[in-house]
Amino acid sequence: MTRVKVVIRCRICGEKYILRGRRDKGIYETGFKMCICDNVDDLEIEEHPM
């Protein structure tokens, strides 16, 4: 597992979250559950170098 910085942007309200997490087999685990607008599916997830 690799530590990564992940930017999660909500496509509905535009809110942006910058989190640290782990990447394992192409899946990001950050502990993020949902946006403040209750969106859980329509999210843009982008990895940034730490």
# chains A, B, ... in the order shown; residues from 1 in each chain; ligands from 1

$ residues_around --residues "Ile27 of chain A" --least-positions-apart "3" --cutoff "12 Å" --atoms "only C-alpha atoms" --output "list in words"
Met1, Thr2, Arg3, Val4, Val6, Gly21, Arg22, Arg23, Asp24, Thr30, Ile45, Glu46 and Glu47 of chain A

$ write_last_selection --atoms "all heavy atoms" --output "CSV table (one decimal), in the first residue's frame"
chain,number,residue,atom,x,y,z
A,1,MET,N,0.8,-1.2,0.0
A,1,MET,CA,0.0,0.0,0.0
A,1,MET,C,0.9,1.2,0.0
A,1,MET,O,1.9,1.3,0.7
A,1,MET,CB,-0.9,0.0,1.2
A,1,MET,CG,-2.0,-1.0,1.2
A,1,MET,SD,-3.2,-0.7,2.4
A,1,MET,CE,-2.5,-1.6,3.8
A,2,THR,N,0.5,2.2,-0.8
A,2,THR,CA,1.2,3.5,-1.0
A,2,THR,C,0.4,4.6,-0.4
A,2,THR,O,-0.7,4.8,-0.7
A,2,THR,CB,1.5,3.7,-2.5
A,2,THR,OG1,2.1,2.6,-3.0
A,2,THR,CG2,2.4,4.9,-2.7
A,3,ARG,N,1.1,5.5,0.4
A,3,ARG,CA,0.5,6.7,0.9
A,3,ARG,C,0.4,7.7,-0.2
A,3,ARG,O,1.4,8.0,-1.0
A,3,ARG,CB,1.2,7.3,2.0
A,3,ARG,CG,1.4,6.4,3.2
A,3,ARG,CD,0.4,6.5,4.2
A,3,ARG,NE,0.2,7.9,4.8
A,3,ARG,CZ,-0.8,8.2,5.5
A,3,ARG,NH1,-1.7,7.4,5.9
A,3,ARG,NH2,-0.8,9.5,5.9
A,4,VAL,N,-0.8,8.3,-0.4
A,4,VAL,CA,-1.0,9.3,-1.5
A,4,VAL,C,-1.9,10.4,-1.0
A,4,VAL,O,-2.6,10.3,0.0
A,4,VAL,CB,-1.7,8.7,-2.7
A,4,VAL,CG1,-0.9,7.6,-3.4
A,4,VAL,CG2,-3.1,8.1,-2.3
A,6,VAL,N,-5.0,12.7,-2.0
A,6,VAL,CA,-6.2,12.6,-2.9
A,6,VAL,C,-7.0,13.8,-2.8
A,6,VAL,O,-7.3,14.3,-1.8
A,6,VAL,CB,-7.0,11.3,-2.5
A,6,VAL,CG1,-8.2,11.2,-3.4
A,6,VAL,CG2,-6.1,10.1,-2.5
A,21,GLY,N,-4.4,9.4,2.1
A,21,GLY,CA,-4.9,8.0,2.2
A,21,GLY,C,-4.0,7.0,1.7
A,21,GLY,O,-2.8,7.3,1.5
A,22,ARG,N,-4.5,5.8,1.4
A,22,ARG,CA,-3.6,4.8,0.9
A,22,ARG,C,-4.2,4.2,-0.4
A,22,ARG,O,-5.4,4.2,-0.6
A,22,ARG,CB,-3.6,3.6,1.9
A,22,ARG,CG,-2.9,4.0,3.2
A,22,ARG,CD,-2.8,2.8,4.1
A,22,ARG,NE,-2.3,3.2,5.4
A,22,ARG,CZ,-1.0,3.3,5.7
A,22,ARG,NH1,-0.1,3.0,4.8
A,22,ARG,NH2,-0.6,3.6,6.9
A,23,ARG,N,-3.3,3.9,-1.3
A,23,ARG,CA,-3.8,3.3,-2.6
A,23,ARG,C,-3.4,1.8,-2.5
A,23,ARG,O,-2.2,1.5,-2.3
A,23,ARG,CB,-3.2,4.0,-3.8
A,23,ARG,CG,-3.6,3.3,-5.1
A,23,ARG,CD,-3.0,4.0,-6.3
A,23,ARG,NE,-1.5,3.7,-6.2
A,23,ARG,CZ,-0.6,4.3,-6.8
A,23,ARG,NH1,-0.9,5.4,-7.6
A,23,ARG,NH2,0.6,4.0,-6.7
A,24,ASP,N,-4.3,0.9,-2.7
A,24,ASP,CA,-4.1,-0.5,-2.7
A,24,ASP,C,-4.8,-1.1,-3.9
A,24,ASP,O,-6.0,-1.1,-4.0
A,24,ASP,CB,-4.5,-1.1,-1.4
A,24,ASP,CG,-4.1,-2.6,-1.3
A,24,ASP,OD1,-3.1,-3.0,-1.9
A,24,ASP,OD2,-4.8,-3.3,-0.6
A,30,THR,N,-9.5,6.6,1.9
A,30,THR,CA,-9.2,7.8,2.7
A,30,THR,C,-10.2,8.0,3.9
A,30,THR,O,-9.9,8.8,4.7
A,30,THR,CB,-9.5,9.0,1.8
A,30,THR,OG1,-10.8,9.0,1.4
A,30,THR,CG2,-8.6,9.0,0.6
A,45,ILE,N,-12.3,12.0,-8.4
A,45,ILE,CA,-11.2,11.6,-7.5
A,45,ILE,C,-9.9,11.7,-8.3
A,45,ILE,O,-9.7,11.1,-9.4
A,45,ILE,CB,-11.4,10.2,-6.9
A,45,ILE,CG1,-12.7,10.2,-6.1
A,45,ILE,CG2,-10.2,9.9,-6.0
A,45,ILE,CD1,-13.1,8.8,-5.7
A,46,GLU,N,-8.9,12.5,-7.8
A,46,GLU,CA,-7.6,12.7,-8.5
A,46,GLU,C,-6.5,12.5,-7.5
A,46,GLU,O,-6.5,13.0,-6.4
A,46,GLU,CB,-7.7,14.1,-9.0
A,46,GLU,CG,-6.5,14.5,-9.9
A,46,GLU,CD,-6.7,15.9,-10.4
A,46,GLU,OE1,-7.8,16.2,-10.9
A,46,GLU,OE2,-5.7,16.6,-10.4
A,47,GLU,N,-5.5,11.8,-7.9
A,47,GLU,CA,-4.3,11.6,-7.0
A,47,GLU,C,-3.3,12.7,-7.3
A,47,GLU,O,-3.0,13.0,-8.4
A,47,GLU,CB,-3.7,10.2,-7.3
A,47,GLU,CG,-2.5,9.9,-6.5
A,47,GLU,CD,-1.9,8.6,-6.8
A,47,GLU,OE1,-2.6,7.7,-7.3
A,47,GLU,OE2,-0.6,8.4,-6.6

$ residues_around --residues "Tyr17 of chain A" --least-positions-apart "4" --cutoff "7 Å" --atoms "only C-alpha atoms" --output "tab-separated table (two decimals) with N, CA, C and O atoms, in the first residue's frame"
chain	number	residue	atom	x	y	z
A	7	VAL	N	-7.40	14.33	-4.02
A	7	VAL	CA	-8.33	15.45	-4.11
A	7	VAL	C	-9.67	14.88	-4.58
A	7	VAL	O	-9.75	14.24	-5.62
A	8	ILE	N	-10.71	15.11	-3.77
A	8	ILE	CA	-12.06	14.65	-4.10
A	8	ILE	C	-12.90	15.89	-4.34
A	8	ILE	O	-13.01	16.75	-3.48
A	9	ARG	N	-13.50	15.98	-5.53
A	9	ARG	CA	-14.33	17.14	-5.89
A	9	ARG	C	-15.73	16.65	-6.20
A	9	ARG	O	-15.92	15.74	-6.99

$ closest_residue --among "A:Cys10, A:Glu15, A:Lys25, A:Arg20" --to "His48 of chain A" --atoms "only C-alpha atoms"
A:Arg20

$ select_by_dssp --residues "segment 5-49 of chain A" --states "strand (DSSP E or B)" --output "list of chain:residue names"
A:Lys5, A:Val6, A:Val7, A:Ile8, A:Arg9, A:Cys10, A:Lys16, A:Tyr17, A:Ile18, A:Leu19, A:Arg20, A:Gly21, A:Arg22, A:Arg23, A:Asp24, A:Ile27, A:Tyr28, A:Glu29, A:Leu43, A:Glu44, A:Ile45, A:Glu46, A:Glu47, A:His48

$ write_last_selection --atoms "N, CA, C and O atoms" --output "compact mmCIF listing (two decimals), in the first residue's frame"
# COMPACT_ATOMS: atom_id res chain seq x y z
N LYS A 5 -1.80 11.56 -1.67
CA LYS A 5 -2.66 12.71 -1.43
C LYS A 5 -3.77 12.64 -2.47
O LYS A 5 -3.50 12.50 -3.65
N VAL A 6 -5.02 12.72 -2.02
CA VAL A 6 -6.16 12.56 -2.91
C VAL A 6 -7.03 13.81 -2.85
O VAL A 6 -7.34 14.31 -1.77
N VAL A 7 -7.40 14.33 -4.02
CA VAL A 7 -8.33 15.45 -4.11
C VAL A 7 -9.67 14.88 -4.58
O VAL A 7 -9.75 14.24 -5.62
N ILE A 8 -10.71 15.11 -3.77
CA ILE A 8 -12.06 14.65 -4.10
C ILE A 8 -12.90 15.89 -4.34
O ILE A 8 -13.01 16.75 -3.48
N ARG A 9 -13.50 15.98 -5.53
CA ARG A 9 -14.33 17.14 -5.89
C ARG A 9 -15.73 16.65 -6.20
O ARG A 9 -15.92 15.74 -6.99
N CYS A 10 -16.72 17.28 -5.57
CA CYS A 10 -18.13 16.95 -5.80
C CYS A 10 -18.57 17.59 -7.11
O CYS A 10 -18.40 18.80 -7.30
N LYS A 16 -14.57 20.84 -2.51
CA LYS A 16 -13.32 20.13 -2.75
C LYS A 16 -12.74 19.68 -1.41
O LYS A 16 -12.69 20.46 -0.46
N TYR A 17 -12.29 18.44 -1.36
CA TYR A 17 -11.69 17.86 -0.16
C TYR A 17 -10.30 17.37 -0.53
O TYR A 17 -10.12 16.68 -1.53
N ILE A 18 -9.31 17.70 0.30
CA ILE A 18 -7.94 17.23 0.10
C ILE A 18 -7.61 16.32 1.28
O ILE A 18 -7.61 16.77 2.42
N LEU A 19 -7.36 15.06 0.98
CA LEU A 19 -7.16 14.05 2.02
C LEU A 19 -5.90 13.24 1.75
O LEU A 19 -5.46 13.14 0.62
N ARG A 20 -5.37 12.65 2.80
CA ARG A 20 -4.28 11.69 2.66
C ARG A 20 -4.88 10.31 2.87
O ARG A 20 -5.75 10.12 3.70
N GLY A 21 -4.42 9.37 2.09
CA GLY A 21 -4.94 8.02 2.22
C GLY A 21 -3.96 7.01 1.67
O GLY A 21 -2.78 7.31 1.49
N ARG A 22 -4.46 5.85 1.40
CA ARG A 22 -3.64 4.75 0.88
C ARG A 22 -4.24 4.25 -0.41
O ARG A 22 -5.45 4.22 -0.57
N ARG A 23 -3.35 3.87 -1.32
CA ARG A 23 -3.78 3.26 -2.58
C ARG A 23 -3.37 1.80 -2.55
O ARG A 23 -2.21 1.47 -2.35
N ASP A 24 -4.33 0.93 -2.75
CA ASP A 24 -4.06 -0.50 -2.75
C ASP A 24 -4.79 -1.12 -3.93
O ASP A 24 -6.02 -1.10 -3.99
N ILE A 27 -7.37 1.14 -5.72
CA ILE A 27 -8.49 1.64 -4.92
C ILE A 27 -7.94 2.58 -3.85
O ILE A 27 -6.97 2.25 -3.17
N TYR A 28 -8.57 3.76 -3.70
CA TYR A 28 -8.14 4.74 -2.72
C TYR A 28 -8.94 4.58 -1.44
O TYR A 28 -10.16 4.54 -1.47
N GLU A 29 -8.25 4.50 -0.31
CA GLU A 29 -8.90 4.40 0.99
C GLU A 29 -8.52 5.64 1.79
O GLU A 29 -7.39 5.80 2.22
N LEU A 43 -18.59 11.88 -7.79
CA LEU A 43 -17.38 12.52 -7.28
C LEU A 43 -16.24 12.34 -8.27
O LEU A 43 -16.11 11.30 -8.91
N GLU A 44 -15.40 13.35 -8.37
CA GLU A 44 -14.19 13.29 -9.19
C GLU A 44 -13.02 13.07 -8.24
O GLU A 44 -12.80 13.87 -7.33
N ILE A 45 -12.28 11.98 -8.41
CA ILE A 45 -11.18 11.64 -7.52
C ILE A 45 -9.88 11.69 -8.30
O ILE A 45 -9.75 11.08 -9.35
N GLU A 46 -8.91 12.45 -7.76
CA GLU A 46 -7.65 12.67 -8.46
C GLU A 46 -6.49 12.51 -7.47
O GLU A 46 -6.53 13.03 -6.37
N GLU A 47 -5.47 11.79 -7.87
CA GLU A 47 -4.29 11.59 -7.03
C GLU A 47 -3.26 12.66 -7.30
O GLU A 47 -3.03 13.05 -8.45
N HIS A 48 -2.63 13.17 -6.23
CA HIS A 48 -1.55 14.14 -6.35
C HIS A 48 -0.33 13.61 -5.61
O HIS A 48 -0.47 12.94 -4.59
